[in-house]
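A.B. asks: So here's input-v2.cif (mmCIF, C-alpha atoms, pLDDT in the B column; chains and numbers go by the auth columns).
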data_work
#
loop_
_atom_site.group_PDB
_atom_site.id
_atom_site.type_symbol
_atom_site.label_atom_id
_atom_site.label_comp_id
_atom_site.label_asym_id
_atom_site.label_seq_id
_atom_site.Cartn_x
_atom_site.Cartn_y
_atom_site.Cartn_z
_atom_site.B_iso_or_equiv
_atom_site.auth_seq_id
_atom_site.auth_asym_id
ATOM 1 C CA MET A 1 0.000 0.000 0.000 92.00 16 A
ATOM 2 C CA ILE A 2 1.307 3.430 -0.949 96.00 17 A
ATOM 3 C CA THR A 3 1.621 5.725 2.051 96.00 18 A
ATOM 4 C CA LYS A 4 0.976 9.433 2.521 97.00 19 A
ATOM 5 C CA GLU A 5 4.653 9.819 3.410 97.00 20 A
ATOM 6 C CA GLN A 6 5.686 8.401 0.021 97.00 21 A
ATOM 7 C CA VAL A 7 3.449 10.944 -1.747 98.00 22 A
ATOM 8 C CA VAL A 8 4.789 13.836 0.338 98.00 23 A
ATOM 9 C CA THR A 9 8.366 12.687 -0.360 97.00 24 A
ATOM 10 C CA ALA A 10 7.629 12.510 -4.110 98.00 25 A
ATOM 11 C CA GLN A 11 6.173 16.021 -3.986 98.00 26 A
ATOM 12 C CA SER A 12 9.230 17.352 -2.146 98.00 27 A
ATOM 13 C CA GLU A 13 11.505 15.736 -4.705 98.00 28 A
ATOM 14 C CA TRP A 14 9.485 17.253 -7.560 97.00 29 A
ATOM 15 C CA GLY A 15 9.628 20.726 -5.987 97.00 30 A
ATOM 16 C CA ALA A 16 13.372 20.475 -5.337 98.00 31 A
ATOM 17 C CA GLY A 17 13.865 19.365 -8.946 97.00 32 A
ATOM 18 C CA VAL A 18 11.995 22.382 -10.308 96.00 33 A
ATOM 19 C CA VAL A 19 14.124 24.686 -8.144 97.00 34 A
ATOM 20 C CA ARG A 20 17.294 22.920 -9.352 96.00 35 A
ATOM 21 C CA ILE A 21 16.271 23.299 -13.005 95.00 36 A
ATOM 22 C CA GLY A 22 15.920 27.057 -12.512 94.00 37 A
ATOM 23 C CA SER A 23 19.305 27.249 -10.804 95.00 38 A
ATOM 24 C CA LEU A 24 20.881 25.719 -13.937 94.00 39 A
ATOM 25 C CA LYS A 25 19.303 28.248 -16.300 91.00 40 A
ATOM 26 C CA ASN A 26 22.670 29.735 -17.345 93.00 41 A
ATOM 27 C CA ASN A 27 24.311 26.356 -18.008 92.00 42 A
ATOM 28 C CA ARG A 28 22.127 25.024 -20.819 90.00 43 A
ATOM 29 C CA LYS A 29 23.877 21.680 -21.245 94.00 44 A
ATOM 30 C CA GLU A 30 23.668 20.815 -17.537 95.00 45 A
ATOM 31 C CA CYS A 31 20.094 22.132 -17.373 92.00 46 A
ATOM 32 C CA GLU A 32 19.038 19.868 -20.255 92.00 47 A
ATOM 33 C CA SER A 33 20.788 16.858 -18.715 95.00 48 A
ATOM 34 C CA PHE A 34 19.264 17.404 -15.272 96.00 49 A
ATOM 35 C CA THR A 35 15.776 17.995 -16.707 94.00 50 A
ATOM 36 C CA SER A 36 15.963 14.796 -18.758 95.00 51 A
ATOM 37 C CA ASP A 37 16.996 12.814 -15.664 97.00 52 A
ATOM 38 C CA PHE A 38 14.306 14.573 -13.592 97.00 53 A
ATOM 39 C CA LEU A 39 11.608 13.545 -16.067 96.00 54 A
ATOM 40 C CA ASP A 40 12.939 9.962 -16.277 96.00 55 A
ATOM 41 C CA LYS A 41 13.024 9.593 -12.501 96.00 56 A
ATOM 42 C CA LEU A 42 9.737 11.263 -11.557 97.00 57 A
ATOM 43 C CA TYR A 43 7.445 10.699 -14.548 96.00 58 A
ATOM 44 C CA SER A 44 6.202 7.441 -16.067 96.00 59 A
ATOM 45 C CA PHE A 45 6.954 8.186 -19.745 94.00 60 A
ATOM 46 C CA GLU A 46 8.738 4.833 -20.142 93.00 61 A
ATOM 47 C CA ASN A 47 5.396 3.085 -19.495 91.00 62 A
ATOM 48 C CA GLY A 48 3.425 5.030 -22.114 86.00 63 A
ATOM 49 C CA PRO A 49 1.697 8.387 -22.351 88.00 64 A
ATOM 50 C CA VAL A 50 1.522 10.615 -19.290 94.00 65 A
ATOM 51 C CA LEU A 51 -1.642 12.665 -18.831 95.00 66 A
ATOM 52 C CA PHE A 52 0.172 15.995 -18.513 93.00 67 A
ATOM 53 C CA LYS A 53 -1.723 19.283 -18.709 92.00 68 A
ATOM 54 C CA PRO A 54 0.649 22.091 -17.708 88.00 69 A
ATOM 55 C CA THR A 55 -0.481 25.445 -16.334 85.00 70 A
ATOM 56 C CA LYS A 56 0.760 27.877 -18.986 79.00 71 A
ATOM 57 C CA CYS A 57 -0.341 26.241 -22.243 77.00 72 A
ATOM 58 C CA ALA A 58 -2.999 27.565 -24.578 73.00 73 A
ATOM 59 C CA ILE A 59 -2.295 26.015 -27.981 77.00 74 A
ATOM 60 C CA GLU A 60 -0.833 22.608 -27.166 79.00 75 A
ATOM 61 C CA GLN A 61 -2.626 22.006 -23.875 75.00 76 A
ATOM 62 C CA PHE A 62 -1.776 18.331 -23.389 82.00 77 A
ATOM 63 C CA ARG A 63 1.741 16.866 -23.293 85.00 78 A
ATOM 64 C CA PRO A 64 1.778 13.032 -23.356 87.00 79 A
ATOM 65 C CA THR A 65 5.477 12.660 -24.289 90.00 80 A
ATOM 66 C CA LYS A 66 8.751 13.337 -22.536 92.00 81 A
ATOM 67 C CA ALA A 67 9.875 15.705 -25.337 89.00 82 A
ATOM 68 C CA GLU A 68 6.729 17.806 -24.893 89.00 83 A
ATOM 69 C CA ALA A 69 7.143 17.868 -21.104 90.00 84 A
ATOM 70 C CA GLU A 70 10.794 18.866 -21.454 87.00 85 A
ATOM 71 C CA SER A 71 9.741 21.634 -23.821 85.00 86 A
ATOM 72 C CA TYR A 72 7.366 22.981 -21.185 86.00 87 A
ATOM 73 C CA PHE A 73 9.922 22.830 -18.372 85.00 88 A
ATOM 74 C CA ILE A 74 12.937 24.377 -20.149 89.00 89 A
ATOM 75 C CA ALA A 75 11.880 25.457 -23.686 82.00 90 A
ATOM 76 C CA GLY A 76 14.921 26.113 -25.926 69.00 91 A
ATOM 77 C CA ASP A 77 15.533 26.569 -29.636 68.00 92 A
ATOM 78 C CA ASP A 78 14.612 22.957 -30.407 73.00 93 A
ATOM 79 C CA ARG A 79 11.548 22.845 -28.144 67.00 94 A
ATOM 80 C CA ALA A 80 8.717 20.499 -29.143 63.00 95 A
ATOM 81 C CA CYS A 81 6.020 23.122 -28.525 68.00 96 A
ATOM 82 C CA LYS A 82 6.655 26.608 -29.886 69.00 97 A
ATOM 83 C CA GLU A 83 4.529 28.402 -27.258 66.00 98 A
ATOM 84 C CA ASP A 84 6.781 27.267 -24.392 69.00 99 A
ATOM 85 C CA LYS A 85 8.855 29.800 -22.470 74.00 100 A
ATOM 86 C CA GLY A 86 10.473 27.406 -19.978 70.00 101 A
ATOM 87 C CA PHE A 87 8.299 27.359 -16.864 80.00 102 A
ATOM 88 C CA ALA A 88 10.975 25.816 -14.623 88.00 103 A
ATOM 89 C CA ILE A 89 13.809 28.137 -15.651 85.00 104 A
ATOM 90 C CA ASN A 90 11.924 31.120 -14.149 88.00 105 A
ATOM 91 C CA PRO A 91 13.883 30.535 -11.703 90.00 106 A
ATOM 92 C CA TRP A 92 11.993 29.494 -8.579 94.00 107 A
ATOM 93 C CA THR A 93 13.555 29.443 -5.122 96.00 108 A
ATOM 94 C CA LYS A 94 10.977 27.227 -3.418 96.00 109 A
ATOM 95 C CA VAL A 95 7.994 25.015 -4.220 97.00 110 A
ATOM 96 C CA ARG A 96 5.503 24.264 -1.448 97.00 111 A
ATOM 97 C CA PHE A 97 2.636 21.748 -1.687 98.00 112 A
ATOM 98 C CA GLU A 98 -0.635 22.023 0.253 98.00 113 A
ATOM 99 C CA ASN A 99 -2.603 18.834 -0.266 98.00 114 A
ATOM 100 C CA SER A 100 -6.371 19.146 -0.109 98.00 115 A
ATOM 101 C CA ASN A 101 -6.567 15.373 -0.001 98.00 116 A
ATOM 102 C CA ILE A 102 -4.778 12.229 -1.095 98.00 117 A
ATOM 103 C CA ILE A 103 -6.307 8.953 -2.278 98.00 118 A
ATOM 104 C CA LEU A 104 -4.079 5.988 -1.478 98.00 119 A
ATOM 105 C CA GLU A 105 -4.335 2.552 -3.067 97.00 120 A
ATOM 106 C CA GLU A 106 -2.095 -0.481 -3.420 95.00 121 A
ATOM 107 C CA ASN A 107 -0.200 0.701 -6.531 95.00 122 A
ATOM 108 C CA ARG A 108 -1.697 4.148 -7.175 97.00 123 A
ATOM 109 C CA ALA A 109 -2.105 7.440 -5.366 98.00 124 A
ATOM 110 C CA ILE A 110 -3.786 10.676 -6.385 98.00 125 A
ATOM 111 C CA ALA A 111 -3.099 14.006 -4.696 98.00 126 A
ATOM 112 C CA MET A 112 -4.947 17.273 -5.239 98.00 127 A
ATOM 113 C CA GLY A 113 -4.433 20.715 -3.798 98.00 128 A
ATOM 114 C CA ASN A 114 -2.463 23.897 -4.306 98.00 129 A
ATOM 115 C CA TYR A 115 1.220 24.340 -4.829 97.00 130 A
ATOM 116 C CA TYR A 116 3.079 27.589 -4.422 97.00 131 A
ATOM 117 C CA PHE A 117 6.094 28.717 -6.421 96.00 132 A
ATOM 118 C CA THR A 118 8.322 31.352 -4.823 97.00 133 A
ATOM 119 C CA ASP A 119 10.298 33.596 -7.196 95.00 134 A
ATOM 120 C CA LEU A 120 13.538 35.493 -6.616 95.00 135 A
ATOM 121 C CA ASN A 121 11.623 38.454 -5.131 96.00 136 A
ATOM 122 C CA GLY A 122 9.918 36.231 -2.550 96.00 137 A
ATOM 123 C CA ASP A 123 6.534 36.454 -4.294 96.00 138 A
ATOM 124 C CA GLU A 124 4.428 33.283 -4.401 96.00 139 A
ATOM 125 C CA ALA A 125 2.375 32.082 -7.365 94.00 140 A
ATOM 126 C CA LYS A 126 -0.539 29.871 -6.321 96.00 141 A
ATOM 127 C CA VAL A 127 -1.401 27.040 -8.716 96.00 142 A
ATOM 128 C CA GLU A 128 -3.949 24.218 -8.424 97.00 143 A
ATOM 129 C CA TYR A 129 -2.775 20.694 -9.156 98.00 144 A
ATOM 130 C CA THR A 130 -3.768 17.058 -9.401 98.00 145 A
ATOM 131 C CA PHE A 131 -0.954 14.502 -9.554 98.00 146 A
ATOM 132 C CA GLY A 132 -1.522 10.803 -10.115 98.00 147 A
ATOM 133 C CA TYR A 133 1.250 8.462 -9.013 98.00 148 A
ATOM 134 C CA LYS A 134 1.822 4.865 -9.974 96.00 149 A
ATOM 135 C CA LEU A 135 4.206 2.557 -8.147 93.00 150 A
ATOM 136 C CA SER A 136 6.934 1.522 -10.592 87.00 151 A
ATOM 137 C CA GLY A 137 9.990 -0.408 -9.450 86.00 152 A
ATOM 138 C CA GLY A 138 9.384 0.610 -5.852 89.00 153 A
ATOM 139 C CA GLN A 139 9.186 4.326 -6.721 92.00 154 A
ATOM 140 C CA LEU A 140 6.209 6.600 -7.255 96.00 155 A
ATOM 141 C CA LYS A 141 6.110 7.937 -10.794 97.00 156 A
ATOM 142 C CA ILE A 142 3.758 10.609 -12.083 98.00 157 A
ATOM 143 C CA ASP A 143 1.382 9.457 -14.809 97.00 158 A
ATOM 144 C CA LEU A 144 -1.172 12.249 -14.301 97.00 159 A
ATOM 145 C CA HIS A 145 -0.175 15.901 -13.907 96.00 160 A
ATOM 146 C CA HIS A 146 -2.872 18.544 -14.226 96.00 161 A
ATOM 147 C CA SER A 147 -2.081 22.102 -13.244 94.00 162 A
ATOM 148 C CA SER A 148 -4.062 25.327 -13.575 91.00 163 A
ATOM 149 C CA PHE A 149 -4.364 28.819 -12.152 85.00 164 A
ATOM 150 C CA PRO A 150 -7.216 29.353 -9.675 85.00 165 A
ATOM 151 C CA TYR A 151 -10.450 30.673 -11.138 83.00 166 A
ATOM 152 C CA SER A 152 -10.848 34.420 -10.909 83.00 167 A
ATOM 153 C CA ILE A 153 -13.944 36.508 -11.454 79.00 168 A
#
Can I see the file as structure tokens?

C.D. replies:
Amino acid sequence: MITKEQVVTAQSEWGAGVVRIGSLKNNRKECESFTSDFLDKLYSFENGPVLFKPTKCAIEQFRPTKAEAESYFIAGDDRACKEDKGFAINPWTKVRFENSNIILEENRAIAMGNYYFTDLNGDEAKVEYTFGYKLSGGQLKIDLHHSSFPYSI
């Protein structure tokens, strides 16, 4: 049975990875290498499509492949999706998760809530998320990632 602690650990690792990607912004080769490893370790692309709907996408809203996810995280001249600006190279100094709730099963977990991204000025951006995790080789891997800005009137 997947535990809440495993989900929280996976979230912390994801947040730390996003911060690390931003810290590598000025070393493109290392940034690309780290981001590729980050996606391999934390996402389930090797098992098929990932249901990935990033926050800041209007034209190509859904990103089922690693190349499309990498494009969203770090953009670049050879990016898979031309609208991408490189969300993770902002850079962010901290990512904090607030889970509304977590569903735990034998080989799957789903977490929903808000996560907060702190920029270099100390300002936080609040984003809503749903992450689905599947147990793969003893590690939780994301196979569902939906992210959006809160509704505003």

A.B. asks: Of the residues A:Ala84, A:Cys72, A:Leu54, A:Met16, which is the one nearest to Gly32 (chain A), using all atoms listed in the file?

C.D. replies: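 Smallest distance to Gly32 (chain A) is found for A:Leu54.
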
A.B. asks: Applied to this file, what does the PyMOL selection byres ((chain A and resi 68) around 8) return in terms of residues, put as a PyMOL selection string?

C.D. replies: chain A and resi 66-67+69-70+72+76-78+160-162

A.B. asks: Mind dumping the selected residues with C-alpha atoms as a tab-separated table (two decimals), in the coordinates of the input?

C.D. replies:
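Final output, again-v1.tsv:
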chain	number	residue	atom	x	y	z
A	66	LEU	CA	-1.64	12.66	-18.83
A	67	PHE	CA	0.17	16.00	-18.51
A	69	PRO	CA	0.65	22.09	-17.71
A	70	THR	CA	-0.48	25.44	-16.33
A	72	CYS	CA	-0.34	26.24	-22.24
A	76	GLN	CA	-2.63	22.01	-23.88
A	77	PHE	CA	-1.78	18.33	-23.39
A	78	ARG	CA	1.74	16.87	-23.29
A	160	HIS	CA	-0.18	15.90	-13.91
A	161	HIS	CA	-2.87	18.54	-14.23
A	162	SER	CA	-2.08	22.10	-13.24

A.B. asks: Once you add 4 Å to each side, what are the centre and edge lengths of the axis-aligned box holding all listed atoms of region 103-109 of chain A? One decimal in Å, as lines of an AutoDock Vina configuration file, if you can.

C.D. replies:
center_x = 12.4
center_y = 28.5
center_z = -9.5
size_x = 10.9
size_y = 13.3
size_z = 20.2

A.B. asks: At a cut-off of 6 Å around the point (4.3, 9.0, -5.2) (file coordinates), what residues fall inside when counting all atoms listed in the file? I'd like the answer as a PyMOL selection string.

C.D. replies: chain A and resi 21-22+25+148+155-156

A.B. asks: If I take CA of Pro106 (chain A) and CA of Asn42 (chain A), how far is one from the other in Å, to one decimal?

C.D. replies: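 Separating CA of Pro106 (chain A) from CA of Asn42 (chain A) is a distance of 12.9 Å.
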
A.B. asks: Pick from A:Leu135, A:Ile17, A:Leu159, A:Ala82: nearest to Leu57 (chain A), with all atoms listed in the file counted?

C.D. replies: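 Looking only at the distances to Leu57 (chain A), the closest residue turns out to be A:Leu159.
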
A.B. asks: Quick one: pull the distance between CA of Glu113 (chain A) and CA of Ile74 (chain A), Å, one decimal.

C.D. replies: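 Going from CA of Glu113 (chain A) over to CA of Ile74 (chain A), I get 28.6 Å.
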
A.B. asks: Go through A:Ala31, A:Ile157, A:Ala140, A:Val110 one by one, measure the shortest atom-to-atom distance of each to Asn62 (chain A) using only C-alpha atoms, and give the residue with the smallest value.

C.D. replies: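 Checking each of A:Ala31, A:Ile157, A:Ala140, A:Val110 against Asn62 (chain A), counting only C-alpha atoms, the winner is A:Ile157.
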
A.B. asks: Counting all atoms listed in the file, which residue out of A:Thr108, A:Asn122, A:Thr50, A:Asn41 sits closest to Tyr87 (chain A)?

C.D. replies: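 Smallest separation from Tyr87 (chain A) among the options: A:Thr50.
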
A.B. asks: Take CA of Lys56 (chain A) and CA of Tyr130 (chain A) and report the distance between them in Å, one decimal.

C.D. replies: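 According to the coordinates, CA of Lys56 (chain A) and CA of Tyr130 (chain A) are separated by 20.4 Å.
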
A.B. asks: I'd like the contact shell of Ile89 (chain A) - 9 Å cut-off, all atoms listed in the file, skipping same-chain residues fewer than 6 positions apart - returned as a ChimeraX atom specification.

C.D. replies: /A:36-37,40,46-47,50,99-104

A.B. asks: Using the chain letters and numbers from this file, what does the PyMOL selection byres ((chain A and resi 117) around 9) select? Give the answer as a list in words.

C.D. replies: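 So the PyMOL selection byres ((chain A and resi 117) around 9) ends up selecting Lys19, Val22, Asn114, Ser115, Asn116, Ile118, Leu119, Ala124, Ile125, Ala126, Met127 and Gly128 of chain A.
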
A.B. asks: Find, counting only C-alpha atoms, the residue in A:Tyr131, A:Ser86, A:Pro79, A:Asp52 that gets nearest to Val65 (chain A).

C.D. replies: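 For Val65 (chain A), the nearest of the given residues is A:Pro79.
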
A.B. asks: Given all atoms listed in the file as the basis, pick out the residue of A:Thr18, A:Ser151, A:Thr24, A:Ser163 nearest to Glu61 (chain A).

C.D. replies: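 Residue with the minimum atom-to-atom distance to Glu61 (chain A): A:Ser151.
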
A.B. asks: Can I get region 22-54 of chain A with N, CA and C atoms filled in, as a PDB file, in the frame of the given file?

C.D. replies:
ATOM      1  N   VAL A  22       3.968   9.882  -0.882  1.00 98.00           N
ATOM      2  CA  VAL A  22       3.449  10.944  -1.747  1.00 98.00           C
ATOM      3  C   VAL A  22       4.110  12.274  -1.388  1.00 98.00           C
ATOM      4  N   VAL A  23       4.173  12.580  -0.110  1.00 98.00           N
ATOM      5  CA  VAL A  23       4.789  13.836   0.338  1.00 98.00           C
ATOM      6  C   VAL A  23       6.270  13.875  -0.061  1.00 98.00           C
ATOM      7  N   THR A  24       6.967  12.757   0.059  1.00 97.00           N
ATOM      8  CA  THR A  24       8.366  12.687  -0.360  1.00 97.00           C
ATOM      9  C   THR A  24       8.490  12.919  -1.864  1.00 97.00           C
ATOM     10  N   ALA A  25       7.608  12.319  -2.656  1.00 98.00           N
ATOM     11  CA  ALA A  25       7.629  12.510  -4.110  1.00 98.00           C
ATOM     12  C   ALA A  25       7.364  13.971  -4.458  1.00 98.00           C
ATOM     13  N   GLN A  26       6.460  14.610  -3.743  1.00 98.00           N
ATOM     14  CA  GLN A  26       6.173  16.021  -3.986  1.00 98.00           C
ATOM     15  C   GLN A  26       7.382  16.894  -3.646  1.00 98.00           C
ATOM     16  N   SER A  27       8.031  16.594  -2.535  1.00 98.00           N
ATOM     17  CA  SER A  27       9.230  17.352  -2.146  1.00 98.00           C
ATOM     18  C   SER A  27      10.329  17.198  -3.188  1.00 98.00           C
ATOM     19  N   GLU A  28      10.488  15.990  -3.684  1.00 98.00           N
ATOM     20  CA  GLU A  28      11.505  15.736  -4.705  1.00 98.00           C
ATOM     21  C   GLU A  28      11.172  16.493  -5.996  1.00 98.00           C
ATOM     22  N   TRP A  29       9.904  16.524  -6.364  1.00 97.00           N
ATOM     23  CA  TRP A  29       9.485  17.253  -7.560  1.00 97.00           C
ATOM     24  C   TRP A  29       9.788  18.742  -7.389  1.00 97.00           C
ATOM     25  N   GLY A  30       9.391  19.305  -6.243  1.00 97.00           N
ATOM     26  CA  GLY A  30       9.628  20.726  -5.987  1.00 97.00           C
ATOM     27  C   GLY A  30      11.107  21.076  -6.000  1.00 97.00           C
ATOM     28  N   ALA A  31      11.919  20.247  -5.358  1.00 98.00           N
ATOM     29  CA  ALA A  31      13.372  20.475  -5.337  1.00 98.00           C
ATOM     30  C   ALA A  31      13.947  20.390  -6.748  1.00 98.00           C
ATOM     31  N   GLY A  32      13.407  19.494  -7.563  1.00 97.00           N
ATOM     32  CA  GLY A  32      13.865  19.365  -8.946  1.00 97.00           C
ATOM     33  C   GLY A  32      13.551  20.597  -9.769  1.00 97.00           C
ATOM     34  N   VAL A  33      12.374  21.157  -9.587  1.00 96.00           N
ATOM     35  CA  VAL A  33      11.995  22.382 -10.308  1.00 96.00           C
ATOM     36  C   VAL A  33      12.916  23.529  -9.909  1.00 96.00           C
ATOM     37  N   VAL A  34      13.201  23.645  -8.617  1.00 97.00           N
ATOM     38  CA  VAL A  34      14.124  24.686  -8.144  1.00 97.00           C
ATOM     39  C   VAL A  34      15.511  24.474  -8.757  1.00 97.00           C
ATOM     40  N   ARG A  35      15.968  23.235  -8.792  1.00 96.00           N
ATOM     41  CA  ARG A  35      17.294  22.920  -9.352  1.00 96.00           C
ATOM     42  C   ARG A  35      17.359  23.272 -10.842  1.00 96.00           C
ATOM     43  N   ILE A  36      16.303  22.961 -11.576  1.00 95.00           N
ATOM     44  CA  ILE A  36      16.271  23.299 -13.005  1.00 95.00           C
ATOM     45  C   ILE A  36      16.484  24.802 -13.188  1.00 95.00           C
ATOM     46  N   GLY A  37      15.774  25.604 -12.412  1.00 94.00           N
ATOM     47  CA  GLY A  37      15.920  27.057 -12.512  1.00 94.00           C
ATOM     48  C   GLY A  37      17.317  27.535 -12.160  1.00 94.00           C
ATOM     49  N   SER A  38      17.951  26.853 -11.206  1.00 95.00           N
ATOM     50  CA  SER A  38      19.305  27.249 -10.804  1.00 95.00           C
ATOM     51  C   SER A  38      20.332  26.960 -11.904  1.00 95.00           C
ATOM     52  N   LEU A  39      19.974  26.092 -12.837  1.00 94.00           N
ATOM     53  CA  LEU A  39      20.881  25.719 -13.937  1.00 94.00           C
ATOM     54  C   LEU A  39      20.599  26.503 -15.220  1.00 94.00           C
ATOM     55  N   LYS A  40      19.745  27.470 -15.140  1.00 91.00           N
ATOM     56  CA  LYS A  40      19.303  28.248 -16.300  1.00 91.00           C
ATOM     57  C   LYS A  40      20.462  28.733 -17.178  1.00 91.00           C
ATOM     58  N   ASN A  41      21.559  29.164 -16.583  1.00 93.00           N
ATOM     59  CA  ASN A  41      22.670  29.735 -17.345  1.00 93.00           C
ATOM     60  C   ASN A  41      23.698  28.714 -17.808  1.00 93.00           C
ATOM     61  N   ASN A  42      23.454  27.438 -17.517  1.00 92.00           N
ATOM     62  CA  ASN A  42      24.311  26.356 -18.008  1.00 92.00           C
ATOM     63  C   ASN A  42      23.405  25.392 -18.776  1.00 92.00           C
ATOM     64  N   ARG A  43      23.144  25.732 -20.031  1.00 90.00           N
ATOM     65  CA  ARG A  43      22.127  25.024 -20.819  1.00 90.00           C
ATOM     66  C   ARG A  43      22.359  23.521 -20.881  1.00 90.00           C
ATOM     67  N   LYS A  44      23.589  23.111 -21.110  1.00 94.00           N
ATOM     68  CA  LYS A  44      23.877  21.680 -21.245  1.00 94.00           C
ATOM     69  C   LYS A  44      23.537  20.925 -19.957  1.00 94.00           C
ATOM     70  N   GLU A  45      23.960  21.454 -18.822  1.00 95.00           N
ATOM     71  CA  GLU A  45      23.668  20.815 -17.537  1.00 95.00           C
ATOM     72  C   GLU A  45      22.168  20.876 -17.221  1.00 95.00           C
ATOM     73  N   CYS A  46      21.539  21.983 -17.582  1.00 92.00           N
ATOM     74  CA  CYS A  46      20.094  22.132 -17.373  1.00 92.00           C
ATOM     75  C   CYS A  46      19.326  21.075 -18.170  1.00 92.00           C
ATOM     76  N   GLU A  47      19.697  20.881 -19.424  1.00 92.00           N
ATOM     77  CA  GLU A  47      19.038  19.868 -20.255  1.00 92.00           C
ATOM     78  C   GLU A  47      19.257  18.467 -19.695  1.00 92.00           C
ATOM     79  N   SER A  48      20.462  18.175 -19.262  1.00 95.00           N
ATOM     80  CA  SER A  48      20.788  16.858 -18.715  1.00 95.00           C
ATOM     81  C   SER A  48      20.000  16.593 -17.433  1.00 95.00           C
ATOM     82  N   PHE A  49      19.993  17.575 -16.530  1.00 96.00           N
ATOM     83  CA  PHE A  49      19.264  17.404 -15.272  1.00 96.00           C
ATOM     84  C   PHE A  49      17.770  17.242 -15.534  1.00 96.00           C
ATOM     85  N   THR A  50      17.218  18.061 -16.419  1.00 94.00           N
ATOM     86  CA  THR A  50      15.776  17.995 -16.707  1.00 94.00           C
ATOM     87  C   THR A  50      15.402  16.642 -17.300  1.00 94.00           C
ATOM     88  N   SER A  51      16.217  16.115 -18.183  1.00 95.00           N
ATOM     89  CA  SER A  51      15.963  14.796 -18.758  1.00 95.00           C
ATOM     90  C   SER A  51      15.953  13.726 -17.665  1.00 95.00           C
ATOM     91  N   ASP A  52      16.939  13.772 -16.778  1.00 97.00           N
ATOM     92  CA  ASP A  52      16.996  12.814 -15.664  1.00 97.00           C
ATOM     93  C   ASP A  52      15.815  12.990 -14.713  1.00 97.00           C
ATOM     94  N   PHE A  53      15.446  14.233 -14.443  1.00 97.00           N
ATOM     95  CA  PHE A  53      14.306  14.573 -13.592  1.00 97.00           C
ATOM     96  C   PHE A  53      13.024  13.943 -14.145  1.00 97.00           C
ATOM     97  N   LEU A  54      12.808  14.107 -15.441  1.00 96.00           N
ATOM     98  CA  LEU A  54      11.608  13.545 -16.067  1.00 96.00           C
ATOM     99  C   LEU A  54      11.641  12.018 -16.066  1.00 96.00           C
TER     100      LEU A  54
END
